[in-house]
$ cat coords14.cif   # mmCIF, C-alpha atoms
data_protein
loop_
_atom_site.label_atom_id
_atom_site.label_comp_id
_atom_site.auth_asym_id
_atom_site.auth_seq_id
_atom_site.Cartn_x
_atom_site.Cartn_y
_atom_site.Cartn_z
CA MET Q 1 32.18 2.01 5.19
CA ARG Q 2 31.31 2.88 1.62
CA GLY Q 3 32.84 5.50 -0.61
CA ASP Q 4 31.79 8.98 0.45
CA ALA Q 5 31.57 11.18 -2.64
CA GLY Q 6 31.31 14.35 -0.59
CA SER Q 7 34.71 13.71 1.00
CA MET Q 8 36.54 13.62 -2.35
CA THR Q 9 38.35 16.47 -4.08
CA VAL Q 10 38.42 16.12 -7.86
CA LEU Q 11 41.15 17.78 -9.94
CA SER Q 12 40.25 17.94 -13.64
CA PRO Q 13 43.22 18.92 -15.82
CA ARG Q 14 42.48 19.38 -19.53
CA THR Q 15 45.97 19.04 -20.96
CA ALA Q 16 49.10 17.03 -20.20
CA ALA Q 17 50.85 20.16 -18.94
CA GLU Q 18 47.95 20.94 -16.60
CA ALA Q 19 47.93 17.36 -15.36
CA VAL Q 20 51.64 17.45 -14.45
CA LYS Q 21 51.21 20.82 -12.76
CA ALA Q 22 48.16 19.74 -10.78
CA TYR Q 23 49.92 16.52 -9.71
CA ALA Q 24 52.99 18.48 -8.56
CA LYS Q 25 50.76 20.66 -6.42
CA ALA Q 26 48.83 17.70 -4.99
CA PRO Q 27 51.37 14.86 -4.86
CA SER Q 28 49.13 12.64 -2.75
CA ALA Q 29 46.31 12.76 -5.33
CA LEU Q 30 45.25 9.45 -6.87
CA PRO Q 31 45.60 9.48 -10.66
CA LEU Q 32 42.32 8.25 -12.18
CA ALA Q 33 42.09 6.89 -15.72
CA GLY Q 34 39.27 4.42 -16.55
CA GLY Q 35 38.50 3.73 -12.90
CA THR Q 36 38.07 -0.03 -13.31
CA ASP Q 37 40.48 -0.66 -10.47
CA LEU Q 38 40.47 2.54 -8.45
CA MET Q 39 36.68 2.66 -8.16
CA VAL Q 40 36.58 -0.87 -6.71
CA GLY Q 41 38.72 0.28 -3.78
CA TRP Q 42 36.80 3.53 -3.57
CA ASN Q 43 33.45 1.71 -3.35
CA LEU Q 44 34.85 -0.20 -0.38
CA GLY Q 45 35.52 3.12 1.36
CA LEU Q 46 39.31 2.82 1.13
CA MET Q 47 39.95 6.26 -0.38
CA ASN Q 48 37.62 8.60 1.45
CA GLY Q 49 38.96 12.10 1.97
CA ARG Q 50 41.50 11.80 -0.83
CA SER Q 51 42.10 13.99 -3.87
CA VAL Q 52 41.65 12.42 -7.28
CA LEU Q 53 43.54 13.55 -10.36
CA ASP Q 54 40.95 12.78 -13.03
CA LEU Q 55 42.94 12.41 -16.28
CA SER Q 56 39.93 11.63 -18.46
CA ARG Q 57 39.84 15.07 -20.08
CA VAL Q 58 43.42 14.94 -21.34
CA ALA Q 59 42.47 14.43 -24.99
CA GLU Q 60 46.05 14.12 -26.25
CA TRP Q 61 46.47 10.89 -24.26
CA LYS Q 62 43.47 9.19 -25.87
CA LYS Q 63 44.95 8.86 -29.35
CA ILE Q 64 46.53 6.03 -31.27
CA ASN Q 65 49.16 7.44 -33.64
CA VAL Q 66 50.71 5.26 -36.30
CA VAL Q 67 54.19 6.62 -37.11
CA SER Q 68 56.94 5.41 -39.46
CA ASP Q 69 58.66 3.10 -36.98
CA GLY Q 70 55.78 1.96 -34.81
CA VAL Q 71 52.55 2.84 -33.05
CA ASP Q 72 52.25 5.37 -30.26
CA LEU Q 73 49.39 4.54 -27.90
CA GLY Q 74 48.19 7.30 -25.61
CA SER Q 75 48.03 6.09 -22.02
CA LEU Q 76 44.25 6.62 -21.90
CA VAL Q 77 43.60 4.37 -24.90
CA THR Q 78 41.12 1.69 -23.81
CA HIS Q 79 41.39 -2.05 -24.29
CA ALA Q 80 38.39 -1.79 -26.62
CA GLN Q 81 40.08 0.88 -28.78
CA ILE Q 82 43.15 -1.33 -29.16
CA GLN Q 83 41.04 -4.27 -30.34
CA ALA Q 84 39.29 -2.14 -32.95
CA HIS Q 85 42.42 -0.59 -34.48
CA PRO Q 86 43.30 -2.06 -37.90
CA VAL Q 87 47.07 -1.47 -37.71
CA LEU Q 88 47.30 -2.94 -34.22
CA ARG Q 89 45.23 -5.93 -35.31
CA LYS Q 90 47.61 -6.56 -38.18
CA ARG Q 91 50.99 -5.77 -36.62
CA PHE Q 92 50.48 -6.44 -32.90
CA PRO Q 93 47.92 -9.27 -32.76
CA LEU Q 94 49.14 -10.59 -29.39
CA LEU Q 95 48.33 -7.27 -27.72
CA VAL Q 96 44.90 -7.28 -29.38
CA ALA Q 97 44.31 -10.85 -28.17
CA ALA Q 98 45.40 -9.89 -24.65
CA CYS Q 99 43.04 -6.89 -24.55
CA ALA Q 100 40.14 -9.17 -25.49
CA THR Q 101 40.73 -11.21 -22.30
CA VAL Q 102 40.69 -8.27 -19.87
CA GLY Q 103 37.49 -8.61 -17.79
CA ALA Q 104 34.68 -8.37 -20.33
CA ALA Q 105 33.19 -5.67 -22.59
CA GLN Q 106 32.30 -3.31 -19.74
CA ILE Q 107 35.87 -3.32 -18.41
CA GLN Q 108 37.46 -3.21 -21.88
CA ASN Q 109 35.39 -0.12 -22.71
CA ARG Q 110 36.69 1.75 -19.67
CA GLY Q 111 40.03 0.27 -18.63
CA THR Q 112 43.07 1.95 -20.16
CA LEU Q 113 46.49 0.66 -21.13
CA GLY Q 114 48.23 3.32 -19.05
CA GLY Q 115 46.04 2.60 -16.04
CA ASN Q 116 46.75 -1.11 -16.37
CA ILE Q 117 50.51 -0.42 -16.36
CA ALA Q 118 50.38 2.11 -13.52
CA ASN Q 119 48.48 -0.43 -11.42
CA ALA Q 120 51.35 -2.88 -11.88
CA SER Q 121 49.42 -6.02 -11.04
CA PRO Q 122 51.60 -9.12 -11.44
CA ALA Q 123 48.69 -10.52 -13.47
CA GLY Q 124 48.29 -7.65 -15.97
CA ASP Q 125 47.02 -9.39 -19.10
CA THR Q 126 48.61 -7.01 -21.58
CA PHE Q 127 52.10 -7.09 -20.08
CA PRO Q 128 53.52 -10.29 -21.66
CA ALA Q 129 52.49 -8.97 -25.09
CA LEU Q 130 54.05 -5.57 -24.38
CA MET Q 131 57.23 -7.40 -23.27
CA VAL Q 132 57.63 -9.47 -26.44
CA TYR Q 133 56.91 -6.43 -28.62
CA GLU Q 134 59.57 -4.58 -26.57
CA ALA Q 135 57.29 -1.65 -25.85
CA THR Q 136 58.50 1.52 -24.18
CA ALA Q 137 56.47 3.61 -21.75
CA ARG Q 138 56.85 7.35 -22.05
CA VAL Q 139 56.35 9.22 -18.80
CA VAL Q 140 56.09 12.92 -18.10
CA GLY Q 141 56.76 14.69 -14.85
CA PRO Q 142 57.90 17.98 -13.35
CA HIS Q 143 61.42 17.41 -14.75
CA GLY Q 144 60.34 16.55 -18.28
CA ARG Q 145 59.85 13.34 -20.22
CA ARG Q 146 61.67 10.03 -20.20
CA ALA Q 147 61.22 6.67 -21.87
CA ILE Q 148 61.23 3.46 -19.83
CA PRO Q 149 61.47 -0.03 -21.38
CA ILE Q 150 58.27 -1.75 -20.30
CA GLY Q 151 60.13 -4.40 -18.31
CA ASP Q 152 61.78 -1.71 -16.19
CA ILE Q 153 58.62 0.14 -15.20
CA PHE Q 154 57.46 -2.62 -12.84
CA ALA Q 155 59.24 -2.65 -9.48
CA GLY Q 156 57.14 -5.27 -7.69
CA VAL Q 157 53.58 -6.19 -6.81
CA LYS Q 158 51.55 -3.03 -7.44
CA LYS Q 159 54.76 -0.96 -7.54
CA THR Q 160 56.30 0.97 -10.41
CA THR Q 161 59.56 2.82 -10.91
CA LEU Q 162 57.67 6.05 -11.63
CA LYS Q 163 59.13 8.96 -9.68
CA PRO Q 164 56.98 11.34 -7.63
CA GLY Q 165 54.89 13.51 -9.92
CA GLU Q 166 55.36 11.32 -13.00
CA LEU Q 167 52.42 10.17 -15.14
CA ILE Q 168 52.41 7.71 -18.03
CA GLU Q 169 51.52 9.56 -21.23
CA ALA Q 170 52.06 6.93 -23.90
CA VAL Q 171 53.25 3.46 -24.78
CA PHE Q 172 55.33 3.07 -27.92
CA LEU Q 173 55.25 -0.20 -29.84
CA PRO Q 174 58.12 -0.45 -32.34
CA PHE Q 175 57.43 -2.32 -35.60
CA PRO Q 176 59.71 -5.38 -35.63
CA ASP Q 177 62.44 -5.19 -38.34
CA GLU Q 178 61.04 -8.37 -39.79
CA ALA Q 179 57.59 -9.85 -39.31
CA PRO Q 180 57.75 -12.78 -36.87
CA THR Q 181 57.22 -16.26 -38.30
CA ARG Q 182 54.60 -16.94 -35.67
CA GLY Q 183 53.29 -15.78 -32.33
CA ALA Q 184 50.75 -16.76 -29.70
CA PHE Q 185 48.99 -15.39 -26.65
CA ARG Q 186 47.44 -17.56 -23.97
CA LYS Q 187 45.73 -16.70 -20.71
CA VAL Q 188 44.66 -19.31 -18.19
CA GLY Q 189 42.06 -18.21 -15.67
CA THR Q 190 39.21 -19.86 -13.78
CA ARG Q 191 36.78 -18.97 -16.55
CA ALA Q 192 37.02 -17.25 -19.92
CA ALA Q 193 35.70 -13.83 -18.88
CA GLN Q 194 35.95 -11.74 -15.71
CA ALA Q 195 38.86 -13.79 -14.43
CA ILE Q 196 42.32 -12.79 -13.33
CA SER Q 197 45.05 -14.92 -14.85
CA LYS Q 198 46.72 -17.83 -13.09
CA THR Q 199 49.34 -17.66 -15.81
CA VAL Q 200 49.46 -15.55 -18.97
CA PHE Q 201 51.84 -15.98 -21.90
CA ALA Q 202 52.97 -14.25 -25.07
CA GLY Q 203 55.59 -15.56 -27.48
CA LEU Q 204 57.11 -14.61 -30.83
CA ILE Q 205 59.40 -16.68 -33.04
CA TRP Q 206 61.47 -15.69 -36.04
CA ASN Q 207 62.82 -18.67 -38.00
CA GLY Q 208 66.49 -18.43 -38.92
CA LYS Q 209 68.30 -19.94 -41.88
CA GLY Q 210 68.90 -23.66 -42.23
CA GLY Q 211 66.04 -24.87 -40.06
CA VAL Q 212 67.23 -23.29 -36.84
CA LEU Q 213 65.56 -20.71 -34.69
CA GLY Q 214 66.52 -17.11 -35.35
CA GLN Q 215 65.10 -14.86 -32.71
CA VAL Q 216 62.66 -15.83 -29.99
CA ARG Q 217 60.91 -13.70 -27.39
CA LEU Q 218 58.91 -15.29 -24.58
CA SER Q 219 57.15 -13.74 -21.62
CA PHE Q 220 54.94 -14.86 -18.74
CA GLY Q 221 52.76 -12.88 -16.34
CA SER Q 222 51.34 -14.01 -12.96
CA MET Q 223 54.46 -16.13 -12.52
CA ALA Q 224 56.57 -13.66 -10.50
CA PRO Q 225 56.01 -10.34 -8.71
CA THR Q 226 56.36 -8.67 -12.11
CA VAL Q 227 55.97 -9.80 -15.72
CA ARG Q 228 59.08 -11.66 -16.94
CA ARG Q 229 60.93 -12.28 -20.19
CA LEU Q 230 62.33 -15.80 -20.27
CA HIS Q 231 65.94 -14.78 -20.87
CA ALA Q 232 67.47 -18.18 -20.10
CA VAL Q 233 65.05 -20.05 -22.36
CA GLU Q 234 65.47 -17.52 -25.16
CA GLU Q 235 69.26 -17.68 -24.99
CA PHE Q 236 69.23 -21.48 -24.97
CA LEU Q 237 66.93 -21.68 -27.99
CA ARG Q 238 68.56 -19.09 -30.23
CA GLY Q 239 70.25 -20.79 -33.18
CA ARG Q 240 69.00 -24.20 -32.12
CA ARG Q 241 66.84 -26.64 -34.03
CA LEU Q 242 63.42 -27.08 -32.43
CA ASP Q 243 62.98 -30.75 -31.66
CA GLU Q 244 61.72 -32.96 -28.85
CA ILE Q 245 65.00 -32.68 -26.90
CA SER Q 246 65.58 -28.94 -27.23
CA ILE Q 247 61.95 -28.15 -26.42
CA SER Q 248 61.90 -30.24 -23.26
CA ALA Q 249 65.23 -28.74 -22.16
CA ALA Q 250 63.81 -25.26 -22.81
CA ALA Q 251 60.75 -25.99 -20.69
CA GLU Q 252 63.03 -27.04 -17.82
CA LEU Q 253 64.79 -23.66 -17.94
CA LEU Q 254 61.52 -21.84 -17.22
CA THR Q 255 62.27 -21.52 -13.50
CA ASN Q 256 65.43 -19.50 -14.20
CA ASP Q 257 63.21 -16.50 -14.86
CA VAL Q 258 59.97 -17.10 -12.97
CA SER Q 259 59.09 -17.87 -9.35
CA PRO Q 260 55.36 -18.49 -9.01
CA ILE Q 261 53.67 -18.63 -5.62
CA ASP Q 262 50.62 -20.21 -4.00
CA ASP Q 263 47.84 -17.64 -3.68
CA ILE Q 264 44.04 -17.34 -3.79
CA ARG Q 265 43.99 -17.96 -7.55
CA SER Q 266 46.31 -20.89 -7.96
CA THR Q 267 49.31 -22.80 -6.68
CA ARG Q 268 52.99 -22.70 -7.57
CA GLU Q 269 52.85 -26.27 -8.81
CA TYR Q 270 49.81 -25.73 -11.05
CA ARG Q 271 51.24 -22.53 -12.48
CA LEU Q 272 54.58 -24.19 -13.28
CA ARG Q 273 53.03 -27.24 -14.87
CA VAL Q 274 50.54 -25.29 -17.00
CA SER Q 275 53.15 -22.73 -18.01
CA ARG Q 276 55.55 -25.48 -19.09
CA ASN Q 277 52.75 -27.04 -21.11
CA ILE Q 278 51.96 -23.70 -22.76
CA LEU Q 279 55.62 -23.07 -23.56
CA THR Q 280 56.04 -26.59 -24.97
CA ALA Q 281 52.90 -26.30 -27.07
CA PHE Q 282 54.01 -22.92 -28.38
CA LEU Q 283 57.47 -24.14 -29.37
CA LYS Q 284 55.94 -27.19 -31.07
CA GLY Q 285 53.66 -24.88 -33.03
CA GLU Q 286 50.54 -26.32 -31.42
CA LEU Q 287 49.37 -23.17 -29.66
CA LYS Q 288 46.85 -21.31 -31.73
CA MET S 1 27.76 21.58 -12.10
CA ILE S 2 27.96 18.47 -14.27
CA LYS S 3 25.91 18.33 -17.46
CA LEU S 4 25.11 15.13 -19.28
CA THR S 5 22.45 13.58 -21.47
CA VAL S 6 20.41 10.76 -19.99
CA ASN S 7 18.05 8.81 -22.24
CA GLY S 8 17.98 11.71 -24.67
CA SER S 9 17.22 14.48 -22.19
CA LYS S 10 19.69 17.01 -20.85
CA LYS S 11 20.40 16.76 -17.16
CA SER S 12 22.47 18.80 -14.79
CA PHE S 13 23.81 17.64 -11.49
CA LYS S 14 24.88 19.90 -8.66
CA GLY S 15 26.03 17.36 -6.06
CA ALA S 16 29.45 15.85 -5.35
CA PRO S 17 31.33 15.23 -8.62
CA PHE S 18 32.65 11.89 -7.36
CA LYS S 19 29.17 10.45 -6.86
CA ARG S 20 28.92 7.19 -8.77
CA LEU S 21 26.93 7.23 -11.99
CA ILE S 22 24.69 4.44 -10.67
CA ASP S 23 23.81 6.46 -7.57
CA ALA S 24 23.10 9.64 -9.53
CA LEU S 25 20.88 7.70 -11.95
CA ARG S 26 18.91 6.04 -9.16
CA GLU S 27 18.77 8.78 -6.53
CA ASP S 28 18.90 12.03 -8.49
CA PHE S 29 17.34 11.10 -11.83
CA GLY S 30 14.85 8.51 -10.52
CA LEU S 31 16.02 5.80 -12.89
CA THR S 32 15.81 2.79 -10.61
CA GLY S 33 15.98 0.29 -13.48
CA VAL S 34 19.74 0.26 -13.04
CA LYS S 35 20.61 -2.27 -10.35
CA GLU S 36 23.64 -2.65 -8.14
CA GLY S 37 24.95 -6.19 -7.82
CA CYS S 38 28.52 -6.48 -6.64
CA GLY S 39 29.75 -2.88 -6.64
CA GLU S 40 33.12 -3.98 -8.00
CA GLY S 41 32.74 -4.42 -11.73
CA GLU S 42 32.37 -8.19 -11.66
CA CYS S 43 28.67 -8.83 -12.26
CA GLY S 44 27.46 -6.32 -14.87
CA ALA S 45 24.04 -5.79 -13.22
CA CYS S 46 24.62 -2.02 -13.23
CA THR S 47 25.50 -1.89 -16.95
CA VAL S 48 24.40 1.25 -18.77
CA LEU S 49 25.61 2.62 -22.09
CA LEU S 50 28.07 5.51 -22.01
CA ASP S 51 28.35 7.08 -25.45
CA GLY S 52 26.81 3.85 -26.75
CA ALA S 53 29.23 1.43 -25.09
CA PRO S 54 28.39 -0.85 -22.13
CA VAL S 55 30.07 0.19 -18.88
CA ASN S 56 29.64 -0.73 -15.22
CA SER S 57 27.92 2.34 -13.76
CA CYS S 58 29.21 1.40 -10.28
CA LEU S 59 32.75 2.15 -11.51
CA VAL S 60 32.07 5.51 -13.15
CA PRO S 61 32.33 8.68 -11.05
CA LEU S 62 29.90 11.25 -12.38
CA CYS S 63 32.72 13.69 -13.17
CA GLN S 64 33.74 11.27 -15.94
CA ALA S 65 30.25 11.32 -17.48
CA GLU S 66 30.30 15.07 -18.07
CA GLY S 67 29.12 16.00 -21.55
CA ARG S 68 28.45 12.37 -22.41
CA LYS S 69 25.37 10.36 -23.34
CA VAL S 70 24.01 7.79 -20.92
CA GLU S 71 21.36 5.22 -21.81
CA THR S 72 19.56 3.10 -19.22
CA VAL S 73 17.00 0.31 -19.49
CA GLU S 74 14.25 2.94 -19.23
CA SER S 75 15.21 4.07 -22.76
CA LEU S 76 14.28 0.71 -24.31
CA GLY S 77 10.53 0.38 -24.06
CA SER S 78 7.57 0.81 -21.76
CA PRO S 79 5.34 -1.85 -20.18
CA GLU S 80 2.73 -1.01 -22.82
CA LYS S 81 5.20 -1.08 -25.68
CA LEU S 82 8.17 -3.33 -25.09
CA SER S 83 11.24 -3.10 -27.29
CA LYS S 84 12.04 -6.12 -29.48
CA LEU S 85 14.71 -7.15 -27.03
CA GLN S 86 12.43 -6.89 -24.00
CA ALA S 87 9.73 -8.82 -25.86
CA GLY S 88 12.35 -11.45 -26.69
CA PHE S 89 13.27 -11.83 -22.99
CA LEU S 90 9.58 -12.17 -22.12
CA ALA S 91 8.91 -14.73 -24.84
CA CYS S 92 11.96 -16.90 -24.12
CA GLY S 93 12.08 -16.75 -20.33
CA GLY S 94 15.22 -14.61 -20.31
CA ALA S 95 14.39 -13.10 -16.93
CA GLN S 96 13.85 -14.81 -13.61
CA CYS S 97 14.63 -12.87 -10.43
CA GLY S 98 15.28 -9.78 -12.54
CA ILE S 99 18.33 -8.26 -10.88
CA CYS S 100 20.66 -8.95 -13.81
CA THR S 101 18.02 -8.18 -16.43
CA PRO S 102 18.46 -4.40 -16.95
CA GLY S 103 22.21 -4.92 -17.36
CA MET S 104 21.70 -7.91 -19.66
CA LEU S 105 19.27 -5.89 -21.77
CA MET S 106 21.62 -2.92 -22.10
CA THR S 107 24.67 -5.02 -23.01
CA ALA S 108 22.56 -7.00 -25.48
CA HIS S 109 21.06 -3.79 -26.86
CA ALA S 110 24.50 -2.37 -27.61
CA HIS S 111 25.51 -5.66 -29.25
CA VAL S 112 22.41 -5.94 -31.44
CA ARG S 113 22.57 -2.24 -32.37
CA SER S 114 26.21 -2.56 -33.43
CA LYS S 115 25.03 -4.95 -36.16
CA ALA S 116 27.53 -7.51 -34.95
CA LYS S 117 26.80 -11.17 -35.52
CA CYS S 118 24.03 -12.48 -33.30
CA ASP S 119 24.74 -16.18 -33.20
CA ASP S 120 25.18 -18.22 -30.06
CA LYS S 121 28.94 -17.70 -29.82
CA SER S 122 28.97 -13.94 -30.38
CA VAL S 123 26.04 -13.28 -28.04
CA ARG S 124 27.73 -15.31 -25.30
CA ALA S 125 30.96 -13.37 -25.81
CA ALA S 126 29.13 -10.04 -25.76
CA LEU S 127 27.27 -10.93 -22.55
CA SER S 128 30.29 -12.46 -20.80
CA GLY S 129 30.52 -9.50 -18.39
CA ASN S 130 26.94 -9.97 -17.18
CA LEU S 131 26.41 -12.65 -14.58
CA CYS S 132 23.08 -14.38 -13.93
CA ARG S 133 22.54 -16.73 -11.01
CA CYS S 134 19.07 -17.96 -12.07
CA THR S 135 18.68 -18.80 -15.71
CA GLY S 136 21.80 -20.74 -16.60
CA TYR S 137 22.11 -18.28 -19.52
CA GLN S 138 20.52 -20.53 -22.18
CA ASP S 139 17.25 -18.62 -22.29
CA ILE S 140 18.96 -15.24 -22.16
CA VAL S 141 21.05 -16.13 -25.20
CA LYS S 142 17.94 -17.43 -26.96
CA SER S 143 16.08 -14.21 -26.09
CA VAL S 144 18.76 -12.04 -27.67
CA ILE S 145 19.03 -14.16 -30.81
CA LYS S 146 15.24 -14.16 -31.21
CA ALA S 147 15.05 -10.38 -30.80
CA ALA S 148 17.92 -9.82 -33.24
CA LYS S 149 16.23 -12.02 -35.84
CA GLY S 150 12.98 -10.15 -35.32
CA GLY S 151 14.29 -7.05 -37.05
CA LYS S 152 15.44 -3.62 -36.02
CA ARG S 153 15.04 -2.06 -32.53
#
$ encode --input "coords14.cif" --output "structure tokens"
Amino acid sequence: MRGDAGSMTVLSPRTAAEAVKAYAKAPSALPLAGGTDLMVGWNLGLMNGRSVLDLSRVAEWKKINVVSDGVDLGSLVTHAQIQAHPVLRKRFPLLVAACATVGAAQIQNRGTLGGNIANASPAGDTFPALMVYEATARVVGPHGRRAIPIGDIFAGVKKTTLKPGELIEAVFLPFPDEAPTRGAFRKVGTRAAQAISKTVFAGLIWNGKGGVLGQVRLSFGSMAPTVRRLHAVEEFLRGRRLDEISISAAAELLTNDVSPIDDIRSTREYRLRVSRNILTAFLKGELK
Amino acid sequence: MIKLTVNGSKKSFKGAPFKRLIDALREDFGLTGVKEGCGEGECGACTVLLDGAPVNSCLVPLCQAEGRKVETVESLGSPEKLSKLQAGFLACGGAQCGICTPGMLMTAHAHVRSKAKCDDKSVRAALSGNLCRCTGYQDIVKSVIKAAKGGKR
């Protein structure tokens, strides 16, 4: 069975307020942003007879606003828009690098940051970068707005902590107090384009005084039901000198925060080994 | 009614707003150059330009194309007068079975028109969302580079 266009009801709000209102009235409607995921299921005939809340006319959610303490990304900002933005390129290069690995040009031109988050795939390419930049999602619903730290919006595979009637309106990226000493993003998939990650990494390091590590933020995707910060590794490394011994001990602590599985894309063993290698290379300064 | 511009001419569409762009182009506007490959955004065969940017037309419901500009392979050239890019594909053997070709041409067209670099690496990156099961890509990349070197359009 293919998608049957005639069976669909399309709701087309033009403002955020209209979107929230329409969603409250039709709570079973499927929110539609860039369609790069939803339309795949629809083409297979999985959504016939449903209502669709087409958000693409909500102009206020398509903007990137640079403010004094960070950058506010509307939820409908595309992966292509992020890559082209000069402030994001300069201040949030790991997010820009992540967006460049999502599908290929056709997907990057349509897929949105908010849609990516709402989908809550364990393999979302942008999530590790959002985690190390400590982004916040701003959601709006019938009872007003609230901000959710990005790590708390994912509840499980394809599940979020959004409440009924809530829509993501923006993602806020705070400028770090101090520029990190270095950072890296790495995605490992079957091929460079059009691949879903087997493991995906983002890391930031701030050197401290006296040759020890100041702050460190590390995150992996595709290694657990949701994206993870490596709290145990980070805690272990803080204030420590990076050397052969501390780096190999850090890599061993990886499994405190991740629990990869065997699935169609990879195996637990492969994911663990490659992720340890990525983490080790990053800490040694060999990951470009 | 949904209004949009297709290859420079204004069109209106009175059918179901959730009809896919690819189906409206082929069935309602008679533009059968656009091809369906996978129907899930993996292969790029159905690539058209939406406001100048390559998109998979199998993943765009028509309601999201309202008021926007769509360009298909039919906008490039005619059999009598090929565009530079089409001539490049012909000269370098960039097409074999032909299913991926309209999508390849449109993605390449957007890339060349953007005045981005047209060396081997950048052309491969630009075309990475378009799969071809015949050519092995070498001649497609050559075709695009040749056309880009050959001047405008």
$ residues_around --input "coords14.cif" --residues "Ser57 in chain S" --least-positions-apart "3" --cutoff "8 Å" --atoms "all atoms listed in the file" --output "PyMOL selection string"
chain S and resi 20-22+46-48+60
$ write_last_selection --input "coords14.cif" --atoms "C-alpha atoms" --output "compact mmCIF listing (two decimals), in the coordinates of the input"
# COMPACT_ATOMS: atom_id res chain seq x y z
CA ARG S 20 28.92 7.19 -8.77
CA LEU S 21 26.93 7.23 -11.99
CA ILE S 22 24.69 4.44 -10.67
CA CYS S 46 24.62 -2.02 -13.23
CA THR S 47 25.50 -1.89 -16.95
CA VAL S 48 24.40 1.25 -18.77
CA VAL S 60 32.07 5.51 -13.15
$ residues_around --input "coords14.cif" --residues "Lys158 in chain Q" --least-positions-apart "2" --cutoff "10 Å" --atoms "all atoms listed in the file" --output "list of chain:residue names"
Q:Ile117, Q:Ala118, Q:Asn119, Q:Ala120, Q:Ser121, Q:Pro122, Q:Phe154, Q:Ala155, Q:Gly156, Q:Thr160, Q:Pro225, Q:Thr226
$ closest_atom_pairs --input "coords14.cif" --of "range 173-280 of chain Q" --to "range 88-93 of chain Q" --cutoff "12 Å" --atoms "only C-alpha atoms" --output "JSON lines"
{"residue": "Q:Leu173", "atom": "CA", "partner": "Q:Phe92", "partner_atom": "CA", "distance": 8.4}
{"residue": "Q:Pro174", "atom": "CA", "partner": "Q:Phe92", "partner_atom": "CA", "distance": 9.7}
{"residue": "Q:Phe175", "atom": "CA", "partner": "Q:Arg91", "partner_atom": "CA", "distance": 7.4}
{"residue": "Q:Pro176", "atom": "CA", "partner": "Q:Arg91", "partner_atom": "CA", "distance": 8.8}
{"residue": "Q:Asp177", "atom": "CA", "partner": "Q:Arg91", "partner_atom": "CA", "distance": 11.6}
{"residue": "Q:Glu178", "atom": "CA", "partner": "Q:Arg91", "partner_atom": "CA", "distance": 10.9}
{"residue": "Q:Ala179", "atom": "CA", "partner": "Q:Arg91", "partner_atom": "CA", "distance": 8.2}
{"residue": "Q:Pro180", "atom": "CA", "partner": "Q:Arg91", "partner_atom": "CA", "distance": 9.7}
{"residue": "Q:Arg182", "atom": "CA", "partner": "Q:Pro93", "partner_atom": "CA", "distance": 10.6}
{"residue": "Q:Gly183", "atom": "CA", "partner": "Q:Pro93", "partner_atom": "CA", "distance": 8.4}
{"residue": "Q:Ala184", "atom": "CA", "partner": "Q:Pro93", "partner_atom": "CA", "distance": 8.6}
{"residue": "Q:Phe185", "atom": "CA", "partner": "Q:Pro93", "partner_atom": "CA", "distance": 8.7}
{"residue": "Q:Ala202", "atom": "CA", "partner": "Q:Pro93", "partner_atom": "CA", "distance": 10.5}
{"residue": "Q:Gly203", "atom": "CA", "partner": "Q:Pro93", "partner_atom": "CA", "distance": 11.2}
{"residue": "Q:Leu204", "atom": "CA", "partner": "Q:Phe92", "partner_atom": "CA", "distance": 10.7}
$ atom_distance --input "coords14.cif" --atom1 "CA of Gly74 in chain Q" --atom2 "CA of Phe172 in chain Q"
8.6 Å
$ atom_distance --input "coords14.cif" --atom1 "CA of Lys81 in chain S" --atom2 "CA of Gly150 in chain S"
15.4 Å
$ resolve_selection --input "coords14.cif" --expression "the PyMOL selection byres ((chain Q and resi 169) around 12)" --output "ChimeraX atom specification"
/Q:15-17,19-20,33,55,58-64,72-77,112-115,117-118,136-141,144-148,162,166-168,170-172
$ closest_residue --input "coords14.cif" --among "S:Asn7, S:Gly129, S:Ser75, S:Ala108" --to "Asn56 in chain S" --atoms "all atoms listed in the file"
S:Gly129
$ resolve_selection --input "coords14.cif" --expression "the PyMOL selection byres ((chain S) within 9 of (chain Q))" --output "VMD selection string"
chain S and resid 15 to 20 39 to 44 47 53 to 56 58 to 61 63 to 64 107 125 to 130
$ closest_residue --input "coords14.cif" --among "Q:Gly151, Q:Pro13, Q:Gly239, Q:Gly214" --to "Pro31 in chain Q" --atoms "only C-alpha atoms"
Q:Pro13
$ atom_distance --input "coords14.cif" --atom1 "CA of Val6 in chain S" --atom2 "CA of Val70 in chain S"
4.8 Å
$ decode --input "coords14.cif" --residues "range 127-139 of chain Q" --atoms "C-alpha atoms" --output "PDB file, in the first residue's frame"
ATOM      1  CA  PHE Q 127      22.881  15.401  18.902  1.00  0.00           C
ATOM      2  CA  PRO Q 128      26.436  14.817  20.224  1.00  0.00           C
ATOM      3  CA  ALA Q 129      27.365  18.344  19.094  1.00  0.00           C
ATOM      4  CA  LEU Q 130      24.248  19.807  20.732  1.00  0.00           C
ATOM      5  CA  MET Q 131      25.175  17.891  23.915  1.00  0.00           C
ATOM      6  CA  VAL Q 132      28.732  19.237  24.180  1.00  0.00           C
ATOM      7  CA  TYR Q 133      27.535  22.770  23.432  1.00  0.00           C
ATOM      8  CA  GLU Q 134      24.922  22.263  26.184  1.00  0.00           C
ATOM      9  CA  ALA Q 135      22.056  23.370  23.974  1.00  0.00           C
ATOM     10  CA  THR Q 136      18.547  23.911  25.289  1.00  0.00           C
ATOM     11  CA  ALA Q 137      15.368  23.141  23.371  1.00  0.00           C
ATOM     12  CA  ARG Q 138      12.536  25.600  23.804  1.00  0.00           C
ATOM     13  CA  VAL Q 139       9.102  24.076  23.436  1.00  0.00           C
TER      14      VAL Q 139
END
